[in-house]
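Peer 1: Input final14.cif, format and content: mmCIF, N, CA and C atoms.
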```cif
data_work
loop_
_atom_site.label_atom_id
_atom_site.label_comp_id
_atom_site.auth_asym_id
_atom_site.auth_seq_id
_atom_site.Cartn_x
_atom_site.Cartn_y
_atom_site.Cartn_z
N GLY A 1 1.68 10.96 12.71
CA GLY A 1 1.25 11.22 11.37
C GLY A 1 0.65 9.98 10.74
N SER A 2 0.55 10.00 9.45
CA SER A 2 -0.07 8.92 8.69
C SER A 2 0.68 7.59 8.86
N ILE A 3 2.01 7.65 8.93
CA ILE A 3 2.77 6.41 9.05
C ILE A 3 2.50 5.76 10.40
N GLN A 4 2.41 6.54 11.46
CA GLN A 4 2.11 5.98 12.77
C GLN A 4 0.69 5.40 12.79
N ASN A 5 -0.24 6.06 12.13
CA ASN A 5 -1.60 5.53 12.02
C ASN A 5 -1.59 4.20 11.27
N LEU A 6 -0.77 4.13 10.23
CA LEU A 6 -0.64 2.90 9.46
C LEU A 6 -0.08 1.78 10.32
N LEU A 7 0.95 2.06 11.10
CA LEU A 7 1.51 1.05 12.00
C LEU A 7 0.48 0.58 13.01
N HIS A 8 -0.30 1.50 13.54
CA HIS A 8 -1.36 1.14 14.49
C HIS A 8 -2.36 0.19 13.83
N LEU A 9 -2.76 0.51 12.61
CA LEU A 9 -3.71 -0.33 11.88
C LEU A 9 -3.13 -1.73 11.64
N ILE A 10 -1.89 -1.79 11.23
CA ILE A 10 -1.24 -3.08 10.98
C ILE A 10 -1.17 -3.90 12.26
N ASN A 11 -0.79 -3.27 13.35
CA ASN A 11 -0.72 -3.98 14.64
C ASN A 11 -2.10 -4.42 15.11
N GLU A 12 -3.10 -3.60 14.86
CA GLU A 12 -4.47 -3.92 15.26
C GLU A 12 -4.95 -5.21 14.59
N TYR A 13 -4.53 -5.42 13.33
CA TYR A 13 -4.92 -6.61 12.58
C TYR A 13 -3.89 -7.74 12.69
N HIS A 14 -2.84 -7.52 13.48
CA HIS A 14 -1.78 -8.53 13.68
C HIS A 14 -1.19 -8.99 12.34
N ALA A 15 -1.03 -8.06 11.44
CA ALA A 15 -0.52 -8.38 10.10
C ALA A 15 1.01 -8.45 10.11
N SER A 16 1.54 -9.42 9.40
CA SER A 16 3.00 -9.52 9.26
C SER A 16 3.45 -9.23 7.83
N LYS A 17 2.49 -9.24 6.91
CA LYS A 17 2.79 -8.90 5.51
C LYS A 17 1.66 -8.03 4.97
N VAL A 18 2.05 -6.92 4.38
CA VAL A 18 1.08 -5.93 3.89
C VAL A 18 1.23 -5.78 2.39
N PHE A 19 0.10 -5.75 1.71
CA PHE A 19 0.06 -5.49 0.27
C PHE A 19 -0.44 -4.07 0.10
N ILE A 20 0.34 -3.24 -0.57
CA ILE A 20 0.01 -1.83 -0.72
C ILE A 20 -0.29 -1.50 -2.18
N PHE A 21 -1.48 -0.95 -2.40
CA PHE A 21 -1.83 -0.38 -3.70
C PHE A 21 -1.48 1.10 -3.64
N ALA A 22 -0.66 1.55 -4.58
CA ALA A 22 -0.25 2.95 -4.58
C ALA A 22 -0.12 3.48 -6.00
N ASP A 23 -0.52 4.71 -6.19
CA ASP A 23 -0.37 5.39 -7.46
C ASP A 23 1.13 5.53 -7.77
N PRO A 24 1.54 5.30 -9.01
CA PRO A 24 2.97 5.41 -9.35
C PRO A 24 3.58 6.77 -9.01
N ILE A 25 2.78 7.81 -9.00
CA ILE A 25 3.29 9.14 -8.69
C ILE A 25 3.83 9.20 -7.26
N LEU A 26 3.28 8.38 -6.36
CA LEU A 26 3.77 8.35 -4.98
C LEU A 26 5.21 7.88 -4.91
N ILE A 27 5.60 6.99 -5.79
CA ILE A 27 7.00 6.56 -5.85
C ILE A 27 7.86 7.69 -6.38
N GLN A 28 7.40 8.34 -7.45
CA GLN A 28 8.16 9.44 -8.04
C GLN A 28 8.34 10.59 -7.05
N LEU A 29 7.34 10.82 -6.21
CA LEU A 29 7.42 11.90 -5.22
C LEU A 29 8.18 11.49 -3.96
N GLY A 30 8.53 10.21 -3.86
CA GLY A 30 9.27 9.73 -2.69
C GLY A 30 8.38 9.49 -1.49
N VAL A 31 7.07 9.49 -1.67
CA VAL A 31 6.13 9.31 -0.56
C VAL A 31 6.17 7.88 -0.03
N LEU A 32 6.38 6.91 -0.89
CA LEU A 32 6.34 5.51 -0.48
C LEU A 32 7.59 5.08 0.28
N SER A 33 8.72 5.71 0.02
CA SER A 33 9.99 5.30 0.64
C SER A 33 9.96 5.32 2.17
N PRO A 34 9.52 6.40 2.83
CA PRO A 34 9.51 6.37 4.29
C PRO A 34 8.53 5.35 4.87
N ILE A 35 7.46 5.07 4.14
CA ILE A 35 6.50 4.06 4.58
C ILE A 35 7.17 2.69 4.52
N GLU A 36 7.81 2.39 3.39
CA GLU A 36 8.51 1.11 3.25
C GLU A 36 9.58 0.96 4.32
N GLN A 37 10.35 2.00 4.56
CA GLN A 37 11.42 1.96 5.55
C GLN A 37 10.87 1.69 6.95
N THR A 38 9.81 2.39 7.32
CA THR A 38 9.21 2.20 8.64
C THR A 38 8.66 0.80 8.82
N LEU A 39 7.99 0.29 7.80
CA LEU A 39 7.44 -1.06 7.90
C LEU A 39 8.56 -2.09 8.00
N GLU A 40 9.61 -1.93 7.21
CA GLU A 40 10.74 -2.86 7.27
C GLU A 40 11.42 -2.81 8.63
N GLU A 41 11.56 -1.61 9.20
CA GLU A 41 12.16 -1.47 10.53
C GLU A 41 11.32 -2.17 11.60
N ASN A 42 10.02 -2.28 11.35
CA ASN A 42 9.11 -2.94 12.28
C ASN A 42 8.85 -4.40 11.91
N LYS A 43 9.73 -4.94 11.07
CA LYS A 43 9.69 -6.35 10.67
C LYS A 43 8.38 -6.74 9.97
N ILE A 44 7.84 -5.81 9.23
CA ILE A 44 6.62 -6.06 8.47
C ILE A 44 7.00 -6.17 7.00
N GLN A 45 6.69 -7.30 6.40
CA GLN A 45 6.98 -7.51 4.99
C GLN A 45 5.98 -6.71 4.16
N ILE A 46 6.45 -6.21 3.04
CA ILE A 46 5.56 -5.44 2.18
C ILE A 46 5.71 -5.86 0.72
N GLU A 47 4.63 -5.71 0.02
CA GLU A 47 4.64 -5.87 -1.42
C GLU A 47 3.79 -4.73 -1.96
N CYS A 48 4.32 -4.03 -2.96
CA CYS A 48 3.62 -2.87 -3.51
C CYS A 48 3.15 -3.16 -4.93
N TYR A 49 1.97 -2.70 -5.23
CA TYR A 49 1.41 -2.77 -6.57
C TYR A 49 1.16 -1.34 -7.02
N THR A 50 1.85 -0.94 -8.07
CA THR A 50 1.76 0.46 -8.49
C THR A 50 1.26 0.63 -9.93
N GLU A 51 0.71 -0.41 -10.49
CA GLU A 51 0.19 -0.30 -11.86
C GLU A 51 -1.24 0.22 -11.83
N ILE A 52 -1.41 1.31 -11.09
CA ILE A 52 -2.72 1.93 -10.91
C ILE A 52 -2.95 2.95 -12.03
N GLN A 53 -4.13 2.92 -12.62
CA GLN A 53 -4.48 3.86 -13.68
C GLN A 53 -5.93 4.30 -13.50
N PRO A 54 -6.24 5.51 -13.95
CA PRO A 54 -7.65 5.91 -13.96
C PRO A 54 -8.40 5.09 -15.01
N GLU A 55 -9.60 4.68 -14.68
CA GLU A 55 -10.44 3.91 -15.59
C GLU A 55 -9.66 2.75 -16.23
N PRO A 56 -9.11 1.84 -15.42
CA PRO A 56 -8.29 0.76 -15.97
C PRO A 56 -9.11 -0.26 -16.75
N GLN A 57 -8.45 -0.93 -17.65
CA GLN A 57 -9.07 -2.03 -18.37
C GLN A 57 -9.22 -3.21 -17.41
N VAL A 58 -10.08 -4.12 -17.74
CA VAL A 58 -10.32 -5.29 -16.91
C VAL A 58 -9.03 -6.07 -16.69
N SER A 59 -8.17 -6.14 -17.69
CA SER A 59 -6.92 -6.88 -17.56
C SER A 59 -6.02 -6.30 -16.47
N ILE A 60 -6.06 -4.99 -16.28
CA ILE A 60 -5.27 -4.35 -15.21
C ILE A 60 -5.83 -4.77 -13.86
N GLY A 61 -7.15 -4.77 -13.74
CA GLY A 61 -7.78 -5.21 -12.50
C GLY A 61 -7.49 -6.67 -12.20
N ASP A 62 -7.54 -7.50 -13.23
CA ASP A 62 -7.22 -8.92 -13.07
C ASP A 62 -5.78 -9.11 -12.60
N GLY A 63 -4.87 -8.30 -13.15
CA GLY A 63 -3.46 -8.38 -12.74
C GLY A 63 -3.27 -7.98 -11.29
N ALA A 64 -4.02 -6.99 -10.85
CA ALA A 64 -3.93 -6.54 -9.46
C ALA A 64 -4.43 -7.63 -8.52
N VAL A 65 -5.54 -8.26 -8.88
CA VAL A 65 -6.09 -9.34 -8.05
C VAL A 65 -5.13 -10.52 -8.00
N LYS A 66 -4.54 -10.86 -9.13
CA LYS A 66 -3.58 -11.98 -9.17
C LYS A 66 -2.36 -11.67 -8.30
N ALA A 67 -1.85 -10.45 -8.40
CA ALA A 67 -0.69 -10.06 -7.59
C ALA A 67 -1.02 -10.13 -6.10
N LEU A 68 -2.21 -9.67 -5.74
CA LEU A 68 -2.64 -9.72 -4.34
C LEU A 68 -2.74 -11.16 -3.85
N ARG A 69 -3.38 -12.00 -4.61
CA ARG A 69 -3.52 -13.41 -4.21
C ARG A 69 -2.17 -14.10 -4.07
N ASN A 70 -1.26 -13.80 -4.98
CA ASN A 70 0.06 -14.43 -4.95
C ASN A 70 0.94 -13.90 -3.83
N SER A 71 0.60 -12.76 -3.28
CA SER A 71 1.47 -12.12 -2.28
C SER A 71 1.41 -12.80 -0.92
N GLY A 72 0.29 -13.41 -0.59
CA GLY A 72 0.14 -14.00 0.74
C GLY A 72 0.01 -12.97 1.85
N ALA A 73 -0.40 -11.77 1.50
CA ALA A 73 -0.49 -10.67 2.47
C ALA A 73 -1.63 -10.90 3.46
N ASP A 74 -1.43 -10.40 4.68
CA ASP A 74 -2.44 -10.45 5.74
C ASP A 74 -3.38 -9.25 5.69
N LEU A 75 -2.91 -8.16 5.07
CA LEU A 75 -3.65 -6.90 5.09
C LEU A 75 -3.41 -6.16 3.79
N VAL A 76 -4.46 -5.55 3.25
CA VAL A 76 -4.37 -4.76 2.03
C VAL A 76 -4.60 -3.30 2.38
N ILE A 77 -3.73 -2.45 1.87
CA ILE A 77 -3.82 -1.01 2.14
C ILE A 77 -3.71 -0.26 0.82
N GLY A 78 -4.51 0.77 0.68
CA GLY A 78 -4.41 1.66 -0.47
C GLY A 78 -3.88 3.01 -0.02
N LEU A 79 -3.01 3.58 -0.81
CA LEU A 79 -2.46 4.91 -0.53
C LEU A 79 -2.83 5.84 -1.66
N GLN A 80 -3.19 7.07 -1.29
CA GLN A 80 -3.55 8.07 -2.27
C GLN A 80 -3.18 9.44 -1.72
N LYS A 81 -2.65 10.27 -2.57
CA LYS A 81 -2.34 11.64 -2.17
C LYS A 81 -3.38 12.55 -2.79
N MET A 82 -4.11 13.25 -1.91
CA MET A 82 -5.14 14.18 -2.37
C MET A 82 -5.00 15.50 -1.64
N LYS A 83 -4.99 16.57 -2.39
CA LYS A 83 -4.91 17.91 -1.82
C LYS A 83 -3.76 18.03 -0.84
N GLY A 84 -2.62 17.44 -1.21
CA GLY A 84 -1.42 17.55 -0.40
C GLY A 84 -1.36 16.65 0.82
N GLN A 85 -2.38 15.81 1.02
CA GLN A 85 -2.39 14.93 2.19
C GLN A 85 -2.40 13.47 1.72
N LEU A 86 -1.68 12.64 2.48
CA LEU A 86 -1.65 11.22 2.21
C LEU A 86 -2.87 10.57 2.86
N ARG A 87 -3.62 9.83 2.07
CA ARG A 87 -4.78 9.11 2.58
C ARG A 87 -4.46 7.62 2.59
N ILE A 88 -4.81 6.96 3.68
CA ILE A 88 -4.61 5.53 3.81
C ILE A 88 -5.98 4.91 3.95
N PHE A 89 -6.26 3.93 3.10
CA PHE A 89 -7.57 3.26 3.18
C PHE A 89 -7.43 1.78 2.92
#
```
Please re-express this file's structure in structure tokens.
Peer 2:
Amino acid sequence: GSIQNLLHLINEYHASKVFIFADPILIQLGVLSPIEQTLEENKIQIECYTEIQPEPQVSIGDGAVKALRNSGADLVIGLQKMKGQLRIF
């Protein structure tokens, strides 16, 4: 499934720390939990940014960039749920 595809992508890029952009609703729906668990089981550090909003102000974008830079992540991943399916980009 999507989590295995994500692991393949992470391994392909030899990433040890992943920065994930995710809509806050994914946390409320419990979608992010199995992803976090799988990555932790595979010794991959993660940092999540969930202050995602439609049509965000520039300050929100600046905060996201600052969080990403401070994270030291090797790979950036975005998660989105559309039409009942999890999309990883």
Peer 1: Can you list, as JSON, numbers by chain, every residue of range 7-38 of chain A that DSSP puts in alpha helix (DSSP H)?
Peer 2: {"A": [7, 8, 9, 10, 11, 12, 24, 25, 26, 27, 28, 32, 33, 34, 35, 36, 37, 38]}
Peer 1: Around (4.4, 11.8, -3.1), as given in the file, which residues come within 12 Å? Count only C-alpha atoms and list them as a list in words.
Peer 2: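 Taken together, the residues in range are Ala22, Asp23, Pro24, Ile25, Leu26, Ile27, Gln28, Leu29, Gly30, Val31, Leu32, Ser33, Pro34, Ile35, Leu79, Gln80, Lys81, Met82, Lys83, Gly84, Gln85, Leu86 and Arg87 of chain A.
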Peer 1: I need the residue nearest Gly78 in chain A from this list: A:Val65, A:Thr50, A:Phe21, A:Ala15. Use all atoms listed in the file for the distance.
Peer 2: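 Nearest candidate to Gly78 in chain A out of A:Val65, A:Thr50, A:Phe21, A:Ala15: A:Phe21.
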Peer 1: To one decimal in Å, tell me the separation between CA of His8 in chain A and CA of Leu75 in chain A.
Peer 2: 12.6 Å
Peer 1: What is the distance, in Å and to one decimal place, between atom N of Val76 in chain A and CA of Ile20 in chain A?
Peer 2: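 So the answer is 7.0 Å.
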Peer 1: Give me the result of the PyMOL selection byres (((chain A and resi 64 and name CA) around 12) and name CA) on this file, residue by residue, as a list of chain:residue names.
Peer 2: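 Checking the PyMOL selection byres (((chain A and resi 64 and name CA) around 12) and name CA) against this file, the residues are A:Phe19, A:Ile20, A:Phe21, A:Ala22, A:Glu47, A:Cys48, A:Tyr49, A:Thr50, A:Glu51, A:Ile52, A:Gln53, A:Pro56, A:Gln57, A:Val58, A:Ser59, A:Ile60, A:Gly61, A:Asp62, A:Gly63, A:Val65, A:Lys66, A:Ala67, A:Leu68, A:Arg69, A:Asn70, A:Ser71, A:Val76.
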Peer 1: Once the PyMOL selection byres (((chain A and resi 38 and name CA) around 12) and name CA) is applied to the coordinates I shared, what remains selected? I want it as a PyMOL selection string.
Peer 2: chain A and resi 2-7+10+32-37+39-46
Peer 1: Quick one: distance from atom C of Val18 in chain A to atom N of Pro54 in chain A in Å, one decimal?
Peer 2: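 Separation between atom C of Val18 in chain A and atom N of Pro54 in chain A: 21.2 Å.
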